[in-house]
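Raw contents of structure-v8.pdb, PDB, C-alpha atoms and all ligand atoms:
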```pdb
ATOM      1  CA  MET E  18       0.000   0.000   0.000
ATOM      2  CA  ASP E  19       1.209   3.561  -0.747
ATOM      3  CA  PRO E  20       2.633   4.774   2.603
ATOM      4  CA  ARG E  21       0.500   7.957   2.467
ATOM      5  CA  GLN E  22      -2.715   5.969   2.056
ATOM      6  CA  ARG E  23      -2.291   3.763   5.086
ATOM      7  CA  PRO E  24      -3.422   4.768   8.595
ATOM      8  CA  TYR E  25      -0.999   5.995  11.261
ATOM      9  CA  ARG E  26      -3.532   6.565  14.046
ATOM     10  CA  SER E  27      -1.517   4.772  16.717
ATOM     11  CA  VAL E  28       2.286   4.611  16.593
ATOM     12  CA  LEU E  29       3.595   2.740  19.634
ATOM     13  CA  TYR E  30       7.140   3.043  20.978
ATOM     14  CA  ILE E  31       8.538  -0.244  22.223
ATOM     15  CA  PRO E  32      11.882  -0.380  24.009
ATOM     16  CA  GLY E  33      14.127  -2.611  21.884
ATOM     17  CA  SER E  34      15.512  -4.068  25.107
ATOM     18  CA  LYS E  35      12.218  -5.520  26.419
ATOM     19  CA  PRO E  36      11.338  -8.953  25.005
ATOM     20  CA  ARG E  37       7.939  -9.048  26.768
ATOM     21  CA  ALA E  38       6.884  -5.743  25.249
ATOM     22  CA  LEU E  39       8.286  -6.743  21.852
ATOM     23  CA  ASP E  40       6.156  -9.863  22.028
ATOM     24  CA  LYS E  41       3.046  -8.126  23.324
ATOM     25  CA  ALA E  42       3.042  -5.735  20.366
ATOM     26  CA  ARG E  43       2.397  -8.632  17.981
ATOM     27  CA  GLY E  44      -1.177  -8.699  19.271
ATOM     28  CA  LEU E  45      -1.889  -4.987  19.738
ATOM     29  CA  PRO E  46      -4.169  -3.138  17.285
ATOM     30  CA  VAL E  47      -1.591  -0.452  16.462
ATOM     31  CA  ASP E  48      -1.040   0.942  12.983
ATOM     32  CA  ALA E  49       2.712   1.318  13.396
ATOM     33  CA  ILE E  50       5.482   0.483  15.842
ATOM     34  CA  ILE E  51       8.624   2.429  16.658
ATOM     35  CA  PHE E  52      11.150  -0.139  17.844
ATOM     36  CA  ASP E  53      13.325   2.061  20.011
ATOM     37  CA  LEU E  54      17.066   1.874  20.528
ATOM     38  CA  GLU E  55      17.305   5.483  21.768
ATOM     39  CA  ASP E  56      15.716   7.025  24.856
ATOM     40  CA  ALA E  57      13.670   4.015  26.004
ATOM     41  CA  VAL E  58      16.873   1.972  26.351
ATOM     42  CA  SER E  59      19.333   2.487  29.214
ATOM     43  CA  LEU E  60      23.028   3.077  28.473
ATOM     44  CA  GLU E  61      23.916  -0.362  29.839
ATOM     45  CA  GLU E  62      21.430  -2.092  27.525
ATOM     46  CA  LYS E  63      22.252  -0.322  24.251
ATOM     47  CA  GLU E  64      24.303  -3.110  22.633
ATOM     48  CA  ASN E  65      22.031  -5.933  23.832
ATOM     49  CA  ALA E  66      18.919  -4.068  22.705
ATOM     50  CA  ARG E  67      20.207  -4.002  19.135
ATOM     51  CA  GLU E  68      20.516  -7.800  19.186
ATOM     52  CA  THR E  69      17.239  -8.382  21.012
ATOM     53  CA  LEU E  70      15.443  -6.215  18.464
ATOM     54  CA  ALA E  71      17.105  -7.854  15.460
ATOM     55  CA  ALA E  72      16.006 -11.266  16.789
ATOM     56  CA  ALA E  73      12.409 -10.079  17.324
ATOM     57  CA  LEU E  74      12.185  -8.638  13.820
ATOM     58  CA  THR E  75      13.712 -11.774  12.298
ATOM     59  CA  GLU E  76      11.107 -13.832  14.146
ATOM     60  CA  GLY E  77       8.416 -11.498  12.758
ATOM     61  CA  GLY E  78       4.740 -11.717  13.586
ATOM     62  CA  TYR E  79       4.044  -7.982  13.369
ATOM     63  CA  GLY E  80       1.616  -8.392  10.473
ATOM     64  CA  ALA E  81       0.525  -5.244   8.631
ATOM     65  CA  ARG E  82       1.871  -2.906  11.294
ATOM     66  CA  VAL E  83       4.453  -0.474   9.894
ATOM     67  CA  LYS E  84       7.833  -1.307  11.436
ATOM     68  CA  ILE E  85      10.061   1.690  12.167
ATOM     69  CA  VAL E  86      13.390   1.392  13.995
ATOM     70  CA  ARG E  87      14.554   4.424  15.972
ATOM     71  CA  ILE E  88      18.339   4.444  16.184
ATOM     72  CA  ASN E  89      20.628   6.507  18.400
ATOM     73  CA  GLY E  90      21.968   9.713  16.869
ATOM     74  CA  LEU E  91      24.946   9.377  14.556
ATOM     75  CA  ASP E  92      26.868  11.657  16.928
ATOM     76  CA  THR E  93      26.661   8.985  19.664
ATOM     77  CA  LYS E  94      28.872   5.953  20.026
ATOM     78  CA  TRP E  95      26.005   3.619  19.103
ATOM     79  CA  GLY E  96      24.571   5.493  16.118
ATOM     80  CA  ARG E  97      26.590   4.049  13.227
ATOM     81  CA  ALA E  98      26.298   0.442  14.428
ATOM     82  CA  ASP E  99      22.563   0.966  15.006
ATOM     83  CA  ALA E 100      22.134   2.324  11.486
ATOM     84  CA  GLU E 101      24.078  -0.552   9.917
ATOM     85  CA  ALA E 102      22.094  -3.109  11.903
ATOM     86  CA  ALA E 103      18.722  -1.411  11.345
ATOM     87  CA  ALA E 104      19.235  -1.412   7.573
ATOM     88  CA  LYS E 105      19.393  -5.235   7.726
ATOM     89  CA  MET E 106      16.441  -5.780  10.063
ATOM     90  CA  GLY E 107      13.745  -5.714   7.371
ATOM     91  CA  ALA E 108      12.166  -2.603   8.859
ATOM     92  CA  ASP E 109       9.908  -0.390   6.759
ATOM     93  CA  ALA E 110      11.789   2.735   7.818
ATOM     94  CA  ILE E 111      14.538   4.057  10.060
ATOM     95  CA  LEU E 112      13.862   6.963  12.410
ATOM     96  CA  LEU E 113      16.658   9.393  13.229
ATOM     97  CA  PRO E 114      16.399  11.398  16.481
ATOM     98  CA  LYS E 115      17.065  15.112  16.862
ATOM     99  CA  VAL E 116      17.232  15.942  13.174
ATOM    100  CA  ASP E 117      18.544  19.471  12.769
ATOM    101  CA  SER E 118      18.897  19.689   8.998
ATOM    102  CA  PRO E 119      18.686  17.642   5.768
ATOM    103  CA  ALA E 120      22.429  16.969   6.087
ATOM    104  CA  ASP E 121      21.656  14.692   9.068
ATOM    105  CA  LEU E 122      19.433  12.597   6.799
ATOM    106  CA  ASP E 123      22.085  12.574   4.050
ATOM    107  CA  ALA E 124      24.574  11.154   6.543
ATOM    108  CA  LEU E 125      22.145   8.416   7.575
ATOM    109  CA  ALA E 126      21.193   7.580   3.988
ATOM    110  CA  GLU E 127      24.863   6.991   3.182
ATOM    111  CA  ILE E 128      24.746   4.089   5.636
ATOM    112  CA  THR E 129      21.205   2.830   5.124
ATOM    113  CA  GLY E 130      20.868   3.093   1.339
ATOM    114  CA  ASP E 131      17.352   2.869  -0.021
ATOM    115  CA  THR E 132      15.488   2.322   3.271
ATOM    116  CA  PRO E 133      12.949   5.129   3.769
ATOM    117  CA  LEU E 134      13.776   7.553   6.560
ATOM    118  CA  TRP E 135      11.701   9.255   9.237
ATOM    119  CA  ALA E 136      12.830  12.267  11.273
ATOM    120  CA  MET E 137      12.296  13.063  14.956
ATOM    121  CA  MET E 138      11.380  16.750  14.999
ATOM    122  CA  GLU E 139      12.423  17.846  18.472
ATOM    123  CA  THR E 140      15.067  20.566  18.367
ATOM    124  CA  PRO E 141      14.672  24.321  17.861
ATOM    125  CA  ARG E 142      17.002  24.137  14.846
ATOM    126  CA  GLY E 143      14.953  21.277  13.423
ATOM    127  CA  MET E 144      11.826  23.443  13.719
ATOM    128  CA  LEU E 145      13.552  26.268  11.836
ATOM    129  CA  ASN E 146      14.696  23.843   9.110
ATOM    130  CA  ALA E 147      11.433  21.866   8.962
ATOM    131  CA  ALA E 148      10.662  22.766   5.329
ATOM    132  CA  ALA E 149      14.055  21.595   4.072
ATOM    133  CA  ILE E 150      13.910  18.422   6.190
ATOM    134  CA  ALA E 151      10.417  17.575   4.889
ATOM    135  CA  ALA E 152      11.648  18.042   1.321
ATOM    136  CA  HIS E 153      14.422  15.450   1.711
ATOM    137  CA  PRO E 154      13.852  12.820  -1.015
ATOM    138  CA  LYS E 155      14.311   9.846   1.337
ATOM    139  CA  LEU E 156      12.055  11.253   4.065
ATOM    140  CA  GLN E 157       8.730   9.490   4.453
ATOM    141  CA  GLY E 158       7.470  10.857   7.758
ATOM    142  CA  MET E 159       8.020  13.153  10.709
ATOM    143  CA  VAL E 160       7.523  12.331  14.409
ATOM    144  CA  MET E 161       7.090  15.197  16.844
ATOM    145  CA  GLY E 162       9.380  14.791  19.854
ATOM    146  CA  THR E 163       7.509  17.019  22.226
ATOM    147  CA  ASN E 164       9.463  15.959  25.323
ATOM    148  CA  ASP E 165      12.806  16.993  23.875
ATOM    149  CA  LEU E 166      11.290  20.085  22.312
ATOM    150  CA  ALA E 167       9.796  21.156  25.653
ATOM    151  CA  LYS E 168      13.170  20.574  27.294
ATOM    152  CA  GLU E 169      15.050  22.626  24.697
ATOM    153  CA  LEU E 170      12.508  25.447  24.800
ATOM    154  CA  GLN E 171      12.373  25.383  28.621
ATOM    155  CA  THR E 172       8.579  25.378  28.485
ATOM    156  CA  ARG E 173       6.201  24.381  31.245
ATOM    157  CA  PHE E 174       3.601  21.669  30.653
ATOM    158  CA  ARG E 175       0.218  23.102  29.706
ATOM    159  CA  PRO E 176      -2.794  20.978  28.716
ATOM    160  CA  ASP E 177      -3.353  23.281  25.722
ATOM    161  CA  ARG E 178       0.314  22.901  24.598
ATOM    162  CA  LEU E 179       0.444  26.589  23.744
ATOM    163  CA  PRO E 180       4.238  26.811  24.209
ATOM    164  CA  LEU E 181       4.738  24.036  21.624
ATOM    165  CA  MET E 182       2.312  25.338  19.029
ATOM    166  CA  ALA E 183       4.846  27.284  16.968
ATOM    167  CA  GLY E 184       6.938  24.159  16.485
ATOM    168  CA  LEU E 185       3.993  21.824  15.917
ATOM    169  CA  GLY E 186       2.536  24.229  13.361
ATOM    170  CA  GLN E 187       5.841  24.719  11.566
ATOM    171  CA  CYS E 188       6.358  20.967  11.168
ATOM    172  CA  LEU E 189       2.748  20.401  10.101
ATOM    173  CA  LEU E 190       3.073  23.012   7.365
ATOM    174  CA  ALA E 191       6.344  21.472   6.208
ATOM    175  CA  ALA E 192       5.007  17.899   6.163
ATOM    176  CA  LYS E 193       1.794  18.825   4.380
ATOM    177  CA  ALA E 194       3.615  20.955   1.811
ATOM    178  CA  GLU E 195       5.712  17.918   0.861
ATOM    179  CA  GLY E 196       2.986  15.282   1.191
ATOM    180  CA  LYS E 197       4.793  13.551   4.073
ATOM    181  CA  ILE E 198       3.280  11.746   7.066
ATOM    182  CA  ILE E 199       3.367  13.544  10.424
ATOM    183  CA  VAL E 200       2.526  12.028  13.812
ATOM    184  CA  ASP E 201       2.129  13.900  17.065
ATOM    185  CA  GLY E 202       4.261  13.600  20.210
ATOM    186  CA  VAL E 203       3.626  11.335  23.196
ATOM    187  CA  TYR E 204       1.343  11.974  26.176
ATOM    188  CA  ASN E 205       3.486  11.048  29.154
ATOM    189  CA  ALA E 206       0.739  10.377  31.752
ATOM    190  CA  PHE E 207      -0.082   6.965  30.313
ATOM    191  CA  LYS E 208      -2.792   6.176  32.869
ATOM    192  CA  ASP E 209      -4.709   9.405  32.133
ATOM    193  CA  ALA E 210      -7.045   8.408  29.287
ATOM    194  CA  ASP E 211      -9.064  11.640  29.491
ATOM    195  CA  GLY E 212      -5.986  13.841  29.160
ATOM    196  CA  LEU E 213      -4.756  11.692  26.278
ATOM    197  CA  LYS E 214      -8.081  12.072  24.484
ATOM    198  CA  VAL E 215      -7.908  15.869  24.754
ATOM    199  CA  GLU E 216      -4.412  15.866  23.259
ATOM    200  CA  CYS E 217      -5.347  13.377  20.515
ATOM    201  CA  ASP E 218      -8.369  15.473  19.541
ATOM    202  CA  GLN E 219      -6.193  18.570  19.418
ATOM    203  CA  GLY E 220      -3.657  16.813  17.185
ATOM    204  CA  ARG E 221      -6.429  15.476  14.929
ATOM    205  CA  ASP E 222      -7.993  18.938  14.666
ATOM    206  CA  MET E 223      -4.611  20.323  13.628
ATOM    207  CA  GLY E 224      -4.204  17.732  10.874
ATOM    208  CA  MET E 225      -1.803  15.242  12.453
ATOM    209  CA  ASP E 226      -2.031  11.730  10.974
ATOM    210  CA  GLY E 227      -1.832  10.087  14.387
ATOM    211  CA  LYS E 228      -0.214  10.004  17.798
ATOM    212  CA  THR E 229       2.914   8.371  19.142
ATOM    213  CA  LEU E 230       2.194   6.285  22.251
ATOM    214  CA  ILE E 231       4.220   4.769  25.064
ATOM    215  CA  HIS E 232       1.849   2.178  26.579
ATOM    216  CA  PRO E 233      -0.722  -0.322  25.267
ATOM    217  CA  ALA E 234      -3.419   1.347  27.399
ATOM    218  CA  GLN E 235      -3.235   4.378  25.077
ATOM    219  CA  VAL E 236      -3.939   2.539  21.819
ATOM    220  CA  ASP E 237      -7.752   2.528  21.764
ATOM    221  CA  VAL E 238      -8.010   6.247  22.542
ATOM    222  CA  ALA E 239      -5.679   7.171  19.677
ATOM    223  CA  ASN E 240      -7.302   4.763  17.218
ATOM    224  CA  ALA E 241     -10.715   6.276  17.925
ATOM    225  CA  ALA E 242      -9.546   9.887  17.828
ATOM    226  CA  PHE E 243      -7.727   9.643  14.496
ATOM    227  CA  ALA E 244     -10.296   7.487  12.670
ATOM    228  CA  PRO E 245     -13.145   9.157  10.783
ATOM    229  CA  SER E 246     -16.219   9.076  13.030
ATOM    230  CA  GLU E 247     -19.502   7.534  11.853
ATOM    231  CA  ALA E 248     -20.923  11.049  11.535
ATOM    232  CA  GLU E 249     -17.974  12.131   9.351
ATOM    233  CA  VAL E 250     -18.383   9.079   7.104
ATOM    234  CA  ASP E 251     -22.117   9.657   6.806
ATOM    235  CA  LEU E 252     -21.611  13.333   5.952
ATOM    236  CA  ALA E 253     -18.909  12.475   3.401
ATOM    237  CA  ARG E 254     -21.247  10.042   1.631
ATOM    238  CA  ARG E 255     -24.073  12.581   1.559
ATOM    239  CA  GLN E 256     -21.764  15.338   0.284
ATOM    240  CA  ILE E 257     -20.510  13.169  -2.579
ATOM    241  CA  ALA E 258     -24.032  12.110  -3.526
ATOM    242  CA  ALA E 259     -25.379  15.666  -3.365
ATOM    243  CA  PHE E 260     -22.502  17.045  -5.416
ATOM    244  CA  GLU E 261     -22.859  14.385  -8.082
ATOM    245  CA  GLU E 262     -26.569  15.166  -8.286
ATOM    246  CA  ALA E 263     -25.844  18.905  -8.556
ATOM    247  CA  GLU E 264     -23.242  18.288 -11.265
ATOM    248  CA  ALA E 265     -25.687  16.157 -13.255
ATOM    249  CA  ALA E 266     -28.063  19.106 -13.115
ATOM    250  CA  GLY E 267     -25.327  21.369 -14.486
ATOM    251  CA  GLN E 268     -24.496  23.056 -11.172
ATOM    252  CA  GLY E 269     -21.067  23.386  -9.541
ATOM    253  CA  VAL E 270     -22.284  23.715  -5.954
ATOM    254  CA  ALA E 271     -24.516  21.545  -3.757
ATOM    255  CA  VAL E 272     -25.922  22.262  -0.306
ATOM    256  CA  VAL E 273     -25.831  19.704   2.533
ATOM    257  CA  ASP E 274     -27.020  20.472   6.064
ATOM    258  CA  GLY E 275     -27.216  24.155   5.121
ATOM    259  CA  LYS E 276     -23.582  24.335   3.997
ATOM    260  CA  ILE E 277     -22.140  24.578   0.510
ATOM    261  CA  VAL E 278     -20.334  21.620  -1.014
ATOM    262  CA  GLU E 279     -17.825  22.305  -3.794
ATOM    263  CA  ASN E 280     -15.150  20.261  -5.553
ATOM    264  CA  LEU E 281     -12.664  20.701  -2.715
ATOM    265  CA  HIS E 282     -15.147  19.446  -0.115
ATOM    266  CA  VAL E 283     -15.800  16.401  -2.260
ATOM    267  CA  ALA E 284     -12.048  15.734  -2.398
ATOM    268  CA  THR E 285     -11.918  15.827   1.414
ATOM    269  CA  ALA E 286     -15.010  13.600   1.594
ATOM    270  CA  ARG E 287     -13.323  11.039  -0.681
ATOM    271  CA  GLU E 288     -10.192  11.104   1.522
ATOM    272  CA  ILE E 289     -12.335  10.440   4.600
ATOM    273  CA  LEU E 290     -13.973   7.432   2.936
ATOM    274  CA  ALA E 291     -10.598   6.132   1.717
ATOM    275  CA  LYS E 292      -9.194   6.372   5.243
ATOM    276  CA  ALA E 293     -12.229   4.585   6.705
ATOM    277  CA  ASP E 294     -11.815   1.830   4.098
ATOM    278  CA  ALA E 295      -8.095   1.480   4.860
ATOM    279  CA  ILE E 296      -8.874   1.135   8.576
ATOM    280  CA  SER E 297     -11.544  -1.498   7.861
ATOM    281  CA  ALA E 298      -9.081  -3.392   5.674
ATOM    282  CA  LEU E 299      -6.548  -3.444   8.522
ATOM    283  CA  ALA E 300      -9.166  -4.686  10.989
ATOM    284  CA  GLY E 301     -10.443  -7.334   8.581
TER
HETATM  285  C1  LIG R 401       5.981   3.347  30.809
HETATM  286  C2  LIG R 401       6.467   1.917  30.976
HETATM  287  C3  LIG R 401       7.849   1.903  31.612
HETATM  288  C4  LIG R 401       5.489   1.151  31.870
HETATM  289  O1  LIG R 401       5.922  -0.188  31.874
HETATM  290  P1  LIG R 401       5.260  -1.299  32.803
HETATM  291  O2  LIG R 401       5.327  -0.858  34.250
HETATM  292  O3  LIG R 401       5.889  -2.622  32.449
HETATM  293  O4  LIG R 401       3.747  -1.251  32.356
HETATM  294  P2  LIG R 401       2.635  -2.301  32.620
HETATM  295  O5  LIG R 401       2.993  -3.208  33.747
HETATM  296  O6  LIG R 401       1.362  -1.544  32.739
HETATM  297  O7  LIG R 401       2.621  -3.138  31.262
HETATM  298  C5  LIG R 401       1.558  -4.015  30.995
HETATM  299  C6  LIG R 401       1.936  -4.891  29.848
HETATM  300  O8  LIG R 401       2.160  -4.094  28.698
HETATM  301  C7  LIG R 401       3.485  -4.292  28.222
HETATM  302  N1  LIG R 401       3.985  -3.000  27.749
HETATM  303  C8  LIG R 401       4.246  -1.897  28.466
HETATM  304  N2  LIG R 401       4.653  -0.906  27.673
HETATM  305  C9  LIG R 401       4.642  -1.396  26.422
HETATM  306  C10 LIG R 401       4.974  -0.838  25.167
HETATM  307  N3  LIG R 401       5.415   0.429  25.055
HETATM  308  N4  LIG R 401       4.812  -1.620  24.101
HETATM  309  C11 LIG R 401       4.389  -2.902  24.197
HETATM  310  N5  LIG R 401       4.060  -3.485  25.353
HETATM  311  C12 LIG R 401       4.205  -2.736  26.443
HETATM  312  C13 LIG R 401       4.273  -4.815  29.388
HETATM  313  O9  LIG R 401       5.372  -5.579  28.924
HETATM  314  C14 LIG R 401       3.222  -5.664  30.062
HETATM  315  O10 LIG R 401       3.112  -6.862  29.293
HETATM  316  P3  LIG R 401       2.800  -8.246  29.983
HETATM  317  O11 LIG R 401       3.770  -8.383  31.120
HETATM  318  O12 LIG R 401       3.007  -9.273  28.919
HETATM  319  O13 LIG R 401       1.370  -8.155  30.440
HETATM  320  C15 LIG R 401       6.493   1.202  29.608
HETATM  321  O14 LIG R 401       5.198   1.249  29.082
HETATM  322  C16 LIG R 401       7.490   1.706  28.624
HETATM  323  O15 LIG R 401       8.675   1.411  28.735
HETATM  324  N6  LIG R 401       7.002   2.431  27.620
HETATM  325  C17 LIG R 401       7.824   2.899  26.543
HETATM  326  C18 LIG R 401       8.591   4.128  26.969
HETATM  327  C19 LIG R 401       9.287   4.641  25.781
HETATM  328  O16 LIG R 401       9.263   4.032  24.729
HETATM  329  N7  LIG R 401       9.930   5.804  25.884
HETATM  330  C20 LIG R 401      10.637   6.386  24.803
HETATM  331  C21 LIG R 401       9.712   6.952  23.809
HETATM  332  S1  LIG R 401       9.038   8.493  24.262
HETATM  333  C22 LIG R 401      10.122   9.573  23.474
HETATM  334  O17 LIG R 401      11.293   9.347  23.538
HETATM  335  C23 LIG R 401       9.493  10.643  22.664
HETATM  336  C24 LIG R 401      10.392  11.691  22.005
HETATM  337  O18 LIG R 401      11.684  11.326  21.721
HETATM  338  C25 LIG R 401      10.317  12.998  22.735
HETATM  339  O19 LIG R 401      11.337  13.663  22.897
HETATM  340  O20 LIG R 401       9.189  13.386  23.075
HETATM  341 MG    MG R 402      13.170  12.744  22.030
END
```
Serialized structure, structure tokens:
Amino acid sequence: MDPRQRPYRSVLYIPGSKPRALDKARGLPVDAIIFDLEDAVSLEEKENARETLAAALTEGGYGARVKIVRINGLDTKWGRADAEAAAKMGADAILLPKVDSPADLDALAEITGDTPLWAMMETPRGMLNAAAIAAHPKLQGMVMGTNDLAKELQTRFRPDRLPLMAGLGQCLLAAKAEGKIIVDGVYNAFKDADGLKVECDQGRDMGMDGKTLIHPAQVDVANAAFAPSEAEVDLARRQIAAFEEAEAAGQGVAVVDGKIVENLHVATAREILAKADAISALAG
């Protein structure tokens, strides 16, 4: 399936060092997995995690879930070996942390060849260079690293994420301009389903494709928030039908529920139906 057409509602981080979690993910209804060698893995476990992860991916069992390996930065002592190993793990993509500029992706691509790349967007310089990073020919998707970004910006946590909005907006514009996937940052309080829902809804409203997650308990909330609702699907069907009827009558505009429907609304309606179909196909 074209990577842009498939759902990315729930993107779960799994520490590459934890066999139980690596196994559990084989049965979780997530759209994508980030197999992590970076921040979820302690310094003592870095080398072992690479081997544990390679064994889990060789064993397989992750089905249609998109498999993304997050390596350590190339400026760390593990980065190069991670990149070389990740390129042989059969992953769908490799995720580079703390991307500051397209040159960081060039350096990774020299090691990983044709494997598609994803970028962690989590530094002030990365925000400023978001357009150039999104335009990189090997880049498939962006992941917002809101913990690192908050740290670098010295923000305080706010439920409305106002201090992060400039960065989130900048990366969204960049990703959309280049037709790349973009998924939102994690919600750290993994037992707070209500707070997670608020943040997922905010990300969905902004146009994010999905949310990165840190615990299985967060999956259902994200899947629901980033899927088209029944009401949205129903409206999309009615808009398409009304527009086709208007067109047949020689008109360029239809009216549904008191609101105009033009070509561009029909395009959005078709995208909503395509996403709903893709989600049904995954579930089936
Ligand atoms: C947060 C955790 C440390 C909690 O772990 P734990 O106490 O083991 O949780 P539970 O006992 O509730 O776990 C229940 C079962 O679920 C499995 N589990 C837990 N987490 C995951 C997971 N992420 N994926 C798959 N399975 C998971 C446990 O193994 C239990 O299974 P079982 O025993 O068979 O019943 C832990 O959830 C965790 O480590 N989460 C990941 C943390 C992480 O990935 N952090 C790094 C990513 S966040 C980040 O870096 C973002 C970015 O860079 C930024 O800057 O913002
Ligand atoms: Mg980070």
Pick out the closest residue to Glu249 (chain E) from this set: E:Met225, E:Ala57, E:Ala284, E:Ala293. Count only C-alpha atoms.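 Among the listed residues, the smallest separation from Glu249 (chain E) belongs to E:Ala293.
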Nearby polymer residues, ligand LIG 401 (chain R), at most 8 Å, all atoms listed in the file, as a PyMOL selection string: chain E and resi 29-32+35-42+45+53+55-58+114+137+139+161-166+202-203+205+207+229-234
For each of E:Gly90, E:Pro133, E:Gly275, E:Gly158, take the minimum atom-to-atom distance to ligand MG 402 (chain R), counting all atoms listed in the file, then give the residue where this is smallest.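 Answer, going by the shortest atom-to-atom distance: E:Gly90.
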Name the closest residue to Ala151 (chain E) among the candidates E:Asp251, E:Asp209, E:Asp177, E:Glu195; distances are taken between atoms, counting only C-alpha atoms. E:Glu195
What is the CA of Gly78 (chain E)-CA of Ala210 (chain E) distance in Å, reported with one decimal? 28.1 Å
At a cut-off of 12 Å, using all atoms listed in the file, what residues contact Gln219 (chain E)? Leave out same-chain residues fewer than 4 positions from it and give the result as a ChimeraX atom specification. /E:176-179,182,185,201-202,212-215,223-228,239,242-243
Between E:Glu169, E:Glu262, E:Glu64, E:Asp131, which has the minimum distance to ligand MG 402 (chain R) (counting all atoms listed in the file)?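 Using all atoms listed in the file, ligand MG 402 (chain R) sits closest to E:Glu169.
Considering only C-alpha atoms, the residue among E:Gly107, E:Gly80, E:Met138, E:Asp121 positioned nearest to Gly44 (chain E) is E:Gly80.
In terms of minimum interatomic distance to Val250 (chain E), E:Ala291 ranks closest within E:Ala71, E:Ile199, E:Ala291, E:Ala124, counting all atoms listed in the file.
Going from CA of Asp109 (chain E) over to CA of Trp135 (chain E), you cover 10.1 Å.
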Leu299 (chain E) environment, 9 Å, all atoms listed in the file, sequence neighbours closer than 2 positions dropped, as a PyMOL selection string: chain E and resi 24+48+81-82+294-297+301
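Interatomic distance, CA of Leu113 (chain E) against CA of Cys217 (chain E): 23.5 Å.
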